[in-house]
file protein-v3.pdb (PDB, C-alpha atoms)
ATOM      1  CA  MET A   1     -19.870  -5.839  30.235
ATOM      2  CA  THR A   2     -20.929  -4.332  26.894
ATOM      3  CA  THR A   3     -19.130  -5.783  23.878
ATOM      4  CA  GLU A   4     -17.262  -2.998  22.071
ATOM      5  CA  ALA A   5     -18.249  -2.281  18.499
ATOM      6  CA  ILE A   6     -15.797  -2.366  15.611
ATOM      7  CA  GLY A   7     -15.912   0.130  12.766
ATOM      8  CA  ILE A   8     -14.556  -0.776   9.334
ATOM      9  CA  ILE A   9     -13.929   2.000   6.817
ATOM     10  CA  GLY A  10     -13.391   0.858   3.253
ATOM     11  CA  GLY A  11     -15.174  -0.200   0.096
ATOM     12  CA  SER A  12     -18.871  -1.020   0.143
ATOM     13  CA  GLY A  13     -18.150  -4.605  -0.937
ATOM     14  CA  LEU A  14     -16.460  -5.416   2.353
ATOM     15  CA  TYR A  15     -19.710  -5.965   4.214
ATOM     16  CA  GLU A  16     -20.701  -8.686   1.766
ATOM     17  CA  MET A  17     -18.729 -11.261   3.742
ATOM     18  CA  ASP A  18     -19.642 -14.697   4.990
ATOM     19  CA  GLY A  19     -21.268 -14.636   8.396
ATOM     20  CA  PHE A  20     -22.080 -10.918   8.447
ATOM     21  CA  GLN A  21     -25.679 -10.472   9.558
ATOM     22  CA  THR A  22     -27.002  -7.093   8.434
ATOM     23  CA  LYS A  23     -29.172  -5.336  10.989
ATOM     24  CA  LYS A  24     -29.688  -1.731   9.958
ATOM     25  CA  ALA A  25     -28.511   1.124   7.747
ATOM     26  CA  HIS A  26     -27.849   4.331   9.714
ATOM     27  CA  ARG A  27     -27.934   7.792   8.143
ATOM     28  CA  VAL A  28     -26.272   9.847  10.847
ATOM     29  CA  ALA A  29     -26.564  13.613  11.259
ATOM     30  CA  THR A  30     -23.429  15.357  12.529
ATOM     31  CA  PRO A  31     -22.406  18.964  13.316
ATOM     32  CA  PHE A  32     -19.855  18.621  10.506
ATOM     33  CA  GLY A  33     -22.204  17.640   7.709
ATOM     34  CA  LYS A  34     -23.098  14.311   6.127
ATOM     35  CA  PRO A  35     -20.911  11.181   6.246
ATOM     36  CA  SER A  36     -19.935   9.515   2.971
ATOM     37  CA  ASP A  37     -22.978   7.245   3.029
ATOM     38  CA  ALA A  38     -25.231   5.212   5.271
ATOM     39  CA  ILE A  39     -23.326   3.185   7.855
ATOM     40  CA  ILE A  40     -24.257  -0.488   7.782
ATOM     41  CA  GLU A  41     -24.706  -2.107  11.193
ATOM     42  CA  GLY A  42     -24.610  -5.843  11.683
ATOM     43  CA  ARG A  43     -23.057  -8.629  13.670
ATOM     44  CA  LEU A  44     -20.052 -10.757  12.842
ATOM     45  CA  HIS A  45     -18.948 -13.527  15.190
ATOM     46  CA  LYS A  46     -21.521 -12.138  17.676
ATOM     47  CA  ARG A  47     -19.826  -8.730  17.796
ATOM     48  CA  PRO A  48     -21.432  -5.464  16.589
ATOM     49  CA  VAL A  49     -19.716  -4.214  13.449
ATOM     50  CA  PHE A  50     -20.331  -0.989  11.513
ATOM     51  CA  PHE A  51     -19.217  -0.615   7.877
ATOM     52  CA  LEU A  52     -18.693   2.799   6.299
ATOM     53  CA  PRO A  53     -17.882   3.091   2.566
ATOM     54  CA  ARG A  54     -15.574   6.135   2.598
ATOM     55  CA  HIS A  55     -16.108   6.924  -1.095
ATOM     56  CA  GLY A  56     -19.851   6.237  -0.884
ATOM     57  CA  VAL A  57     -21.607   3.263  -2.443
ATOM     58  CA  GLY A  58     -20.584   3.150  -6.100
ATOM     59  CA  HIS A  59     -17.303   5.015  -5.395
ATOM     60  CA  ARG A  60     -18.696   8.450  -6.203
ATOM     61  CA  ILE A  61     -16.746  10.673  -3.733
ATOM     62  CA  SER A  62     -13.162  11.648  -4.565
ATOM     63  CA  PRO A  63     -10.492  11.622  -1.811
ATOM     64  CA  THR A  64     -10.531  15.426  -1.562
ATOM     65  CA  GLU A  65     -14.326  15.480  -1.226
ATOM     66  CA  ILE A  66     -14.574  12.945   1.614
ATOM     67  CA  ASN A  67     -16.085  14.443   4.764
ATOM     68  CA  PHE A  68     -13.610  12.817   7.135
ATOM     69  CA  ARG A  69     -14.859  14.696  10.187
ATOM     70  CA  ALA A  70     -18.445  13.588   9.643
ATOM     71  CA  ASN A  71     -17.346   9.989   9.058
ATOM     72  CA  ILE A  72     -15.383   9.732  12.313
ATOM     73  CA  TYR A  73     -18.019  11.639  14.291
ATOM     74  CA  ALA A  74     -20.807   9.377  12.976
ATOM     75  CA  LEU A  75     -18.940   6.210  13.908
ATOM     76  CA  LYS A  76     -18.362   7.446  17.450
ATOM     77  CA  LYS A  77     -21.996   8.552  17.713
ATOM     78  CA  LEU A  78     -23.019   4.976  16.878
ATOM     79  CA  GLY A  79     -20.849   3.632  19.686
ATOM     80  CA  VAL A  80     -17.769   2.590  17.717
ATOM     81  CA  ARG A  81     -14.471   2.800  19.620
ATOM     82  CA  ASN A  82     -12.238   0.659  17.369
ATOM     83  CA  VAL A  83     -11.659   1.431  13.684
ATOM     84  CA  PHE A  84      -9.927  -0.614  11.011
ATOM     85  CA  SER A  85      -9.228   1.318   7.816
ATOM     86  CA  VAL A  86      -8.971  -0.834   4.692
ATOM     87  CA  SER A  87      -7.254   1.130   1.923
ATOM     88  CA  ALA A  88      -5.788   0.547  -1.529
ATOM     89  CA  VAL A  89      -2.228   1.883  -1.900
ATOM     90  CA  GLY A  90       0.660   2.033  -4.318
ATOM     91  CA  SER A  91       4.013   0.483  -3.409
ATOM     92  CA  LEU A  92       7.101   2.686  -3.028
ATOM     93  CA  GLN A  93       9.572  -0.159  -2.459
ATOM     94  CA  ALA A  94      10.219  -3.376  -4.373
ATOM     95  CA  LYS A  95       9.432  -5.660  -1.434
ATOM     96  CA  TYR A  96       5.826  -4.426  -1.226
ATOM     97  CA  GLU A  97       4.439  -6.298  -4.205
ATOM     98  CA  PRO A  98       0.970  -5.880  -5.720
ATOM     99  CA  GLY A  99      -1.320  -8.200  -3.782
ATOM    100  CA  HIS A 100       0.607  -7.775  -0.523
ATOM    101  CA  PHE A 101      -0.784  -6.135   2.613
ATOM    102  CA  VAL A 102       1.067  -3.521   4.683
ATOM    103  CA  LEU A 103       0.118  -2.820   8.298
ATOM    104  CA  ALA A 104       1.441   0.732   8.303
ATOM    105  CA  ASP A 105       2.386   2.396  11.583
ATOM    106  CA  GLN A 106       3.377   5.899  10.400
ATOM    107  CA  PHE A 107       2.091   8.622   8.087
ATOM    108  CA  VAL A 108       3.536  11.464   6.032
ATOM    109  CA  ASP A 109       0.989  14.111   5.075
ATOM    110  CA  ARG A 110       1.325  15.313   1.482
ATOM    111  CA  THR A 111      -2.212  16.643   1.156
ATOM    112  CA  LYS A 112      -2.661  20.289   0.192
ATOM    113  CA  GLY A 113      -4.465  21.800   3.163
ATOM    114  CA  ILE A 114      -7.828  21.590   1.435
ATOM    115  CA  ARG A 115      -9.217  18.928   3.753
ATOM    116  CA  LYS A 116     -10.717  19.678   7.150
ATOM    117  CA  SER A 117      -8.122  17.919   9.270
ATOM    118  CA  THR A 118      -9.183  18.631  12.865
ATOM    119  CA  PHE A 119     -12.265  18.885  15.038
ATOM    120  CA  PHE A 120     -10.712  21.876  16.791
ATOM    121  CA  GLY A 121     -10.992  25.473  15.625
ATOM    122  CA  GLU A 122     -13.999  27.808  15.529
ATOM    123  CA  GLY A 123     -12.966  29.353  18.834
ATOM    124  CA  CYS A 124     -11.339  26.315  20.436
ATOM    125  CA  VAL A 125      -7.631  25.523  20.105
ATOM    126  CA  GLY A 126      -6.560  21.945  20.793
ATOM    127  CA  HIS A 127      -3.361  19.975  20.224
ATOM    128  CA  VAL A 128      -3.224  16.166  20.233
ATOM    129  CA  ALA A 129      -0.017  14.100  20.219
ATOM    130  CA  LEU A 130       0.398  12.130  16.975
ATOM    131  CA  ALA A 131       3.920  10.747  17.279
ATOM    132  CA  ASP A 132       2.511   7.228  16.988
ATOM    133  CA  PRO A 133      -0.744   7.669  15.058
ATOM    134  CA  ILE A 134      -1.711   3.982  14.881
ATOM    135  CA  CYS A 135      -3.199   2.290  17.947
ATOM    136  CA  PRO A 136      -0.551  -0.214  19.110
ATOM    137  CA  THR A 137      -3.212  -2.561  20.469
ATOM    138  CA  LEU A 138      -5.168  -2.801  17.199
ATOM    139  CA  TRP A 139      -1.926  -2.952  15.209
ATOM    140  CA  GLY A 140      -0.709  -5.910  17.262
ATOM    141  CA  ARG A 141      -3.992  -7.738  16.797
ATOM    142  CA  ALA A 142      -3.947  -7.051  13.050
ATOM    143  CA  ASN A 143      -0.463  -8.551  12.784
ATOM    144  CA  THR A 144      -1.546 -11.652  14.685
ATOM    145  CA  ALA A 145      -4.648 -12.091  12.532
ATOM    146  CA  ALA A 146      -2.678 -11.534   9.304
ATOM    147  CA  SER A 147      -0.287 -14.330  10.281
ATOM    148  CA  GLU A 148      -3.218 -16.734  10.500
ATOM    149  CA  VAL A 149      -4.810 -16.163   7.085
ATOM    150  CA  PRO A 150      -3.471 -16.909   3.570
ATOM    151  CA  LEU A 151      -1.926 -13.584   2.566
ATOM    152  CA  THR A 152       1.492 -11.936   2.416
ATOM    153  CA  TYR A 153       1.808  -9.001   4.789
ATOM    154  CA  HIS A 154       4.438  -6.615   6.133
ATOM    155  CA  LYS A 155       4.692  -5.436   9.739
ATOM    156  CA  GLY A 156       4.980  -1.661   9.864
ATOM    157  CA  GLY A 157       5.725   0.941   7.234
ATOM    158  CA  THR A 158       5.163   4.582   6.366
ATOM    159  CA  TYR A 159       2.042   5.539   4.439
ATOM    160  CA  VAL A 160       2.398   8.745   2.390
ATOM    161  CA  CYS A 161      -0.962  10.430   1.906
ATOM    162  CA  MET A 162      -1.163  12.537  -1.261
ATOM    163  CA  GLU A 163      -4.059  14.766  -2.308
ATOM    164  CA  GLY A 164      -5.064  13.071  -5.532
ATOM    165  CA  PRO A 165      -7.170  12.352  -7.399
ATOM    166  CA  GLY A 166      -4.392  12.099 -10.005
ATOM    167  CA  PHE A 167      -1.560   9.638  -9.387
ATOM    168  CA  SER A 168       2.018  10.776  -8.690
ATOM    169  CA  THR A 169       4.323  12.177 -11.348
ATOM    170  CA  ARG A 170       7.392  10.012 -11.875
ATOM    171  CA  ALA A 171       9.556  12.630 -10.121
ATOM    172  CA  GLU A 172       7.252  12.669  -7.092
ATOM    173  CA  SER A 173       7.185   8.897  -6.965
ATOM    174  CA  ARG A 174      10.991   8.657  -7.190
ATOM    175  CA  ALA A 175      11.352  11.178  -4.353
ATOM    176  CA  ASN A 176       9.040   9.144  -2.109
ATOM    177  CA  HIS A 177      10.890   5.962  -3.037
ATOM    178  CA  GLN A 178      14.298   7.512  -2.305
ATOM    179  CA  ALA A 179      13.032   8.832   1.037
ATOM    180  CA  GLY A 180      12.412   5.226   2.045
ATOM    181  CA  PHE A 181       8.651   5.525   2.449
ATOM    182  CA  SER A 182       6.634   2.330   2.093
ATOM    183  CA  VAL A 183       3.295   2.963   0.376
ATOM    184  CA  ILE A 184       1.246   5.842  -0.988
ATOM    185  CA  GLY A 185      -2.496   6.451  -0.812
ATOM    186  CA  MET A 186      -5.057   9.247  -0.761
ATOM    187  CA  THR A 187      -7.344   8.666   2.224
ATOM    188  CA  ASN A 188      -5.783   7.853   5.602
ATOM    189  CA  VAL A 189      -4.902  11.474   6.408
ATOM    190  CA  PRO A 190      -6.691  13.171   8.100
ATOM    191  CA  GLU A 191      -8.817  10.103   8.873
ATOM    192  CA  ALA A 192      -6.270   8.687  11.335
ATOM    193  CA  TYR A 193      -5.638  12.055  12.982
ATOM    194  CA  LEU A 194      -9.336  12.718  13.502
ATOM    195  CA  ALA A 195      -9.803   9.263  14.998
ATOM    196  CA  ARG A 196      -7.096  10.064  17.544
ATOM    197  CA  GLU A 197      -8.723  13.407  18.414
ATOM    198  CA  ALA A 198     -12.024  11.587  18.920
ATOM    199  CA  GLY A 199     -10.434   9.019  21.216
ATOM    200  CA  LEU A 200     -10.872   6.109  18.826
ATOM    201  CA  CYS A 201      -8.396   3.276  18.382
ATOM    202  CA  TYR A 202      -7.394   3.250  14.682
ATOM    203  CA  CYS A 203      -5.406   0.834  12.517
ATOM    204  CA  THR A 204      -4.585   0.879   8.804
ATOM    205  CA  VAL A 205      -4.797  -2.238   6.638
ATOM    206  CA  ALA A 206      -3.162  -1.154   3.371
ATOM    207  CA  MET A 207      -3.646  -3.311   0.267
ATOM    208  CA  VAL A 208      -0.968  -2.883  -2.411
ATOM    209  CA  THR A 209      -2.368  -2.615  -5.942
ATOM    210  CA  ASP A 210       0.580  -1.288  -7.983
ATOM    211  CA  TYR A 211       4.145   0.092  -7.968
ATOM    212  CA  ASP A 212       3.138   3.740  -8.439
ATOM    213  CA  SER A 213       5.522   5.154 -11.106
ATOM    214  CA  TRP A 214       9.001   5.110  -9.535
ATOM    215  CA  ASN A 215       9.699   1.554 -10.728
ATOM    216  CA  GLU A 216      10.494   1.808 -14.431
ATOM    217  CA  THR A 217      10.884  -1.959 -14.806
ATOM    218  CA  VAL A 218       7.080  -2.289 -14.699
ATOM    219  CA  GLU A 219       4.281  -0.377 -16.373
ATOM    220  CA  HIS A 220       3.220   2.762 -14.514
ATOM    221  CA  VAL A 221       0.008   2.667 -12.525
ATOM    222  CA  THR A 222      -3.294   2.555 -14.411
ATOM    223  CA  VAL A 223      -6.881   2.413 -13.190
ATOM    224  CA  GLU A 224      -7.366  -0.936 -14.971
ATOM    225  CA  ALA A 225      -4.436  -2.532 -13.152
ATOM    226  CA  VAL A 226      -5.531  -1.111  -9.792
ATOM    227  CA  ILE A 227      -9.071  -2.480 -10.145
ATOM    228  CA  LYS A 228      -7.838  -5.960 -11.076
ATOM    229  CA  ILE A 229      -5.557  -6.292  -8.047
ATOM    230  CA  MET A 230      -8.076  -4.556  -5.785
ATOM    231  CA  LYS A 231     -10.707  -7.204  -6.485
ATOM    232  CA  GLU A 232      -8.240  -9.927  -5.552
ATOM    233  CA  ASN A 233      -7.217  -8.065  -2.396
ATOM    234  CA  VAL A 234     -10.806  -7.548  -1.224
ATOM    235  CA  ALA A 235     -11.293 -11.305  -0.925
ATOM    236  CA  ARG A 236      -8.166 -11.526   1.239
ATOM    237  CA  ALA A 237      -9.248  -8.478   3.258
ATOM    238  CA  LYS A 238     -12.556 -10.142   4.100
ATOM    239  CA  GLN A 239     -10.700 -13.152   5.502
ATOM    240  CA  LEU A 240      -8.427 -10.913   7.558
ATOM    241  CA  LEU A 241     -11.317  -8.836   8.933
ATOM    242  CA  SER A 242     -13.302 -11.934   9.828
ATOM    243  CA  LYS A 243     -10.314 -13.283  11.744
ATOM    244  CA  LEU A 244      -9.802  -9.936  13.491
ATOM    245  CA  VAL A 245     -13.406  -9.739  14.640
ATOM    246  CA  ALA A 246     -13.526 -13.388  15.738
ATOM    247  CA  SER A 247     -10.446 -13.022  17.950
ATOM    248  CA  PHE A 248     -11.080  -9.450  19.151
ATOM    249  CA  GLU A 249     -10.708  -8.647  22.831
ATOM    250  CA  ASP A 250     -11.910  -5.374  24.340
ATOM    251  CA  LYS A 251      -9.416  -2.949  25.878
ATOM    252  CA  PRO A 252     -11.408   0.056  27.127
ATOM    253  CA  ASP A 253      -8.394   1.492  28.970
ATOM    254  CA  CYS A 254      -6.302   1.971  25.797
ATOM    255  CA  ALA A 255      -4.365   5.267  25.869
ATOM    256  CA  CYS A 256      -5.946   6.283  22.529
ATOM    257  CA  ARG A 257      -9.216   6.857  24.385
ATOM    258  CA  LYS A 258      -7.647   9.673  26.436
ATOM    259  CA  ALA A 259      -5.725  11.424  23.650
ATOM    260  CA  SER A 260      -7.732  14.661  23.906
ATOM    261  CA  GLN A 261      -8.034  14.684  27.678
ATOM    262  CA  PHE A 262      -5.632  17.621  28.068
ATOM    263  CA  ALA A 263      -5.623  18.866  24.461
ATOM    264  CA  ILE A 264      -7.625  22.078  24.796
ATOM    265  CA  MET A 265      -5.617  25.271  25.316
ATOM    266  CA  THR A 266      -8.544  27.705  25.188
ATOM    267  CA  ASN A 267     -10.180  29.050  28.320
ATOM    268  CA  PRO A 268     -13.414  26.987  28.530
ATOM    269  CA  LYS A 269     -15.414  30.128  29.301
ATOM    270  CA  LEU A 270     -14.409  31.572  25.917
ATOM    271  CA  ILE A 271     -15.361  28.597  23.748
ATOM    272  CA  PRO A 272     -18.475  29.449  21.683
ATOM    273  CA  ALA A 273     -21.569  27.423  22.583
ATOM    274  CA  LYS A 274     -21.859  25.993  19.056
ATOM    275  CA  THR A 275     -18.262  24.762  19.111
ATOM    276  CA  ARG A 276     -18.633  23.379  22.620
ATOM    277  CA  SER A 277     -21.718  21.447  21.526
ATOM    278  CA  ALA A 278     -19.975  20.011  18.440
ATOM    279  CA  LEU A 279     -16.999  18.894  20.523
ATOM    280  CA  LYS A 280     -19.037  17.329  23.323
ATOM    281  CA  LEU A 281     -19.247  13.902  21.698
ATOM    282  CA  VAL A 282     -15.753  14.111  20.188
ATOM    283  CA  LEU A 283     -14.148  14.656  23.597
ATOM    284  CA  ALA A 284     -16.366  12.238  25.517
ATOM    285  CA  PRO A 285     -14.554   9.122  26.817
TER
END
call {"tool": "encode", "arguments": {"input": "protein-v3.pdb", "output": "structure tokens"}}
result
Amino acid sequence: MTTEAIGIIGGSGLYEMDGFQTKKAHRVATPFGKPSDAIIEGRLHKRPVFFLPRHGVGHRISPTEINFRANIYALKKLGVRNVFSVSAVGSLQAKYEPGHFVLADQFVDRTKGIRKSTFFGEGCVGHVALADPICPTLWGRANTAASEVPLTYHKGGTYVCMEGPGFSTRAESRANHQAGFSVIGMTNVPEAYLAREAGLCYCTVAMVTDYDSWNETVEHVTVEAVIKIMKENVARAKQLLSKLVASFEDKPDCACRKASQFAIMTNPKLIPAKTRSALKLVLAP
């Protein structure tokens, strides 16, 4: 049986981890344009792993400018079926302290409709269920791995995705805090939704860097503070990812793989050839 590949979306520094054997850099062409950067293929604990820096090497692509469709398409084209998203976030509740990790299981979309958020359209209407947007299998494995490495983590939580690139106003941050949401970031929507459409298992590993601006007992978020905590979190993230890969077990029958099986509403005869071609890989099992 072929060993399933794991995709890791996050900062470019993540693939500089002990034991990762670099094999090749892939520049993948997609019907949706260029991915954020070359995807680095290698092996970790004898399993194929593909790293994609979502902001590009050197962090040169803003959240709004990320080509999420191309990123997800490229990973699937390379054979990836399992994706772990490593993301920096702000905390919206006191218990999620800077330096902690949150394994979110829900999303609230506060982006502005600028981002291309679906593979469907252009003559093909499709609807995919997103009630539980995180793969329960990957989420369970992430929780197990997190319990076995030296970090503080939280099981579950709601990730609010804002447009950015500016941070929240204090009023916005207070509203998210009062709503009971857990963390806030700028990248996991539509990334998670597109992964589901493409039949990929997807799990968020959120790294808390700050308290956003709702908490007036601490200084409001600054880039300097975020970078300091982020560097500390990356070291912990590498340990967590290494543990995840080492203990990973394939589950090719996961329900995520069939999410788009009955999604298309359009009469197949009416779908334009160009759209049909672009969707062929997305909808493939």
call {"tool": "residues_around", "arguments": {"input": "protein-v3.pdb", "residues": "stretch 2-16 of chain A", "least_positions_apart": "6", "cutoff": "6 Å", "atoms": "only C-alpha atoms", "output": "list of chain:residue names"}}
result
A:Pro48, A:Val49, A:Phe50, A:Phe51, A:Leu52, A:Pro53, A:Arg54, A:Val57, A:Val80, A:Asn82, A:Val83, A:Phe84, A:Ser85, A:Val86
call {"tool": "atom_distance", "arguments": {"input": "protein-v3.pdb", "atom1": "atom CA of A:Gly126", "atom2": "atom CA of A:Ala29"}}
result
23.7 Å
call {"tool": "resolve_selection", "arguments": {"input": "protein-v3.pdb", "expression": "the PyMOL selection byres ((chain A and resi 222) around 10)", "output": "list in words"}}
result
Phe167, Thr209, Asp210, Asp212, Ser213, Glu219, His220, Val221, Val223, Glu224, Ala225, Val226 and Ile227 of chain A
call {"tool": "resolve_selection", "arguments": {"input": "protein-v3.pdb", "expression": "the PyMOL selection byres ((chain A and resi 234-237) around 9)", "output": "ChimeraX atom specification"}}
result
/A:11,13-14,17,86,101,149-151,205,207,229-233,238-242
call {"tool": "resolve_selection", "arguments": {"input": "protein-v3.pdb", "expression": "the PyMOL selection byres ((chain A and resi 117) around 12)", "output": "PyMOL selection string"}}
result
chain A and resi 32+64+66-70+72+109+111-116+118-121+187-197
call {"tool": "closest_residue", "arguments": {"input": "protein-v3.pdb", "among": "A:Ala273, A:Leu281, A:Leu200, A:Ile184", "to": "A:Cys135", "atoms": "only C-alpha atoms"}}
result
A:Leu200
call {"tool": "residues_near_point", "arguments": {"input": "protein-v3.pdb", "point": "(-4.0, 19.6, 20.1)", "cutoff": "10 Å", "atoms": "only C-alpha atoms", "output": "PyMOL selection string"}}
result
chain A and resi 118-120+124-130+197+259-265
call {"tool": "closest_residue", "arguments": {"input": "protein-v3.pdb", "among": "A:Ile134, A:Ile61, A:Leu75, A:Ala142", "to": "A:Lys243", "atoms": "all atoms listed in the file"}}
result
A:Ala142
call {"tool": "closest_residue", "arguments": {"input": "protein-v3.pdb", "among": "A:Ala25, A:Leu244, A:Val89, A:Ala278", "to": "A:Ser168", "atoms": "all atoms listed in the file"}}
result
A:Val89
call {"tool": "decode", "arguments": {"input": "protein-v3.pdb", "residues": "stretch 86-137 of chain A", "atoms": "C-alpha atoms", "output": "PDB file, in the first residue's frame"}}
result
ATOM      1  CA  VAL A  86       0.157  25.948  11.090  1.00  0.00           C
ATOM      2  CA  SER A  87      -1.033  29.502  11.741  1.00  0.00           C
ATOM      3  CA  ALA A  88      -0.267  32.408  14.059  1.00  0.00           C
ATOM      4  CA  VAL A  89      -3.367  33.798  15.809  1.00  0.00           C
ATOM      5  CA  GLY A  90      -4.450  36.325  18.388  1.00  0.00           C
ATOM      6  CA  SER A  91      -6.246  35.200  21.547  1.00  0.00           C
ATOM      7  CA  LEU A  92      -9.841  36.290  22.198  1.00  0.00           C
ATOM      8  CA  GLN A  93     -10.122  34.738  25.667  1.00  0.00           C
ATOM      9  CA  ALA A  94      -7.884  34.951  28.730  1.00  0.00           C
ATOM     10  CA  LYS A  95      -7.225  31.208  28.904  1.00  0.00           C
ATOM     11  CA  TYR A  96      -5.533  31.179  25.482  1.00  0.00           C
ATOM     12  CA  GLU A  97      -2.230  32.715  26.496  1.00  0.00           C
ATOM     13  CA  PRO A  98       0.564  33.815  24.152  1.00  0.00           C
ATOM     14  CA  GLY A  99       2.707  30.744  23.543  1.00  0.00           C
ATOM     15  CA  HIS A 100      -0.240  28.342  23.787  1.00  0.00           C
ATOM     16  CA  PHE A 101      -1.546  26.223  20.912  1.00  0.00           C
ATOM     17  CA  VAL A 102      -5.228  25.889  19.977  1.00  0.00           C
ATOM     18  CA  LEU A 103      -6.489  22.959  17.906  1.00  0.00           C
ATOM     19  CA  ALA A 104      -9.494  24.806  16.518  1.00  0.00           C
ATOM     20  CA  ASP A 105     -12.495  22.856  15.248  1.00  0.00           C
ATOM     21  CA  GLN A 106     -14.745  25.675  13.966  1.00  0.00           C
ATOM     22  CA  PHE A 107     -14.485  28.831  11.870  1.00  0.00           C
ATOM     23  CA  VAL A 108     -16.299  32.149  11.568  1.00  0.00           C
ATOM     24  CA  ASP A 109     -15.686  33.936   8.275  1.00  0.00           C
ATOM     25  CA  ARG A 110     -15.126  37.678   8.660  1.00  0.00           C
ATOM     26  CA  THR A 111     -13.316  38.168   5.363  1.00  0.00           C
ATOM     27  CA  LYS A 112     -14.742  40.690   2.906  1.00  0.00           C
ATOM     28  CA  GLY A 113     -15.617  38.603  -0.134  1.00  0.00           C
ATOM     29  CA  ILE A 114     -12.439  39.602  -1.936  1.00  0.00           C
ATOM     30  CA  ARG A 115     -10.880  36.148  -1.781  1.00  0.00           C
ATOM     31  CA  LYS A 116     -11.697  33.365  -4.218  1.00  0.00           C
ATOM     32  CA  SER A 117     -13.349  30.995  -1.775  1.00  0.00           C
ATOM     33  CA  THR A 118     -14.531  28.074  -3.926  1.00  0.00           C
ATOM     34  CA  PHE A 119     -13.448  25.930  -6.846  1.00  0.00           C
ATOM     35  CA  PHE A 120     -17.012  26.015  -8.156  1.00  0.00           C
ATOM     36  CA  GLY A 121     -18.443  28.710 -10.407  1.00  0.00           C
ATOM     37  CA  GLU A 122     -17.687  29.542 -14.046  1.00  0.00           C
ATOM     38  CA  GLY A 123     -20.689  27.524 -15.182  1.00  0.00           C
ATOM     39  CA  CYS A 124     -20.703  24.879 -12.454  1.00  0.00           C
ATOM     40  CA  VAL A 125     -22.673  25.238  -9.216  1.00  0.00           C
ATOM     41  CA  GLY A 126     -21.603  23.064  -6.293  1.00  0.00           C
ATOM     42  CA  HIS A 127     -22.429  23.008  -2.584  1.00  0.00           C
ATOM     43  CA  VAL A 128     -20.292  21.202   0.005  1.00  0.00           C
ATOM     44  CA  ALA A 129     -21.299  20.618   3.638  1.00  0.00           C
ATOM     45  CA  LEU A 130     -19.077  22.556   6.065  1.00  0.00           C
ATOM     46  CA  ALA A 131     -20.837  22.058   9.391  1.00  0.00           C
ATOM     47  CA  ASP A 132     -17.672  20.465  10.771  1.00  0.00           C
ATOM     48  CA  PRO A 133     -14.867  21.963   8.672  1.00  0.00           C
ATOM     49  CA  ILE A 134     -11.958  20.244  10.445  1.00  0.00           C
ATOM     50  CA  CYS A 135     -11.212  16.588   9.701  1.00  0.00           C
ATOM     51  CA  PRO A 136     -12.065  14.703  12.919  1.00  0.00           C
ATOM     52  CA  THR A 137      -9.408  12.080  12.214  1.00  0.00           C
TER      53      THR A 137
END
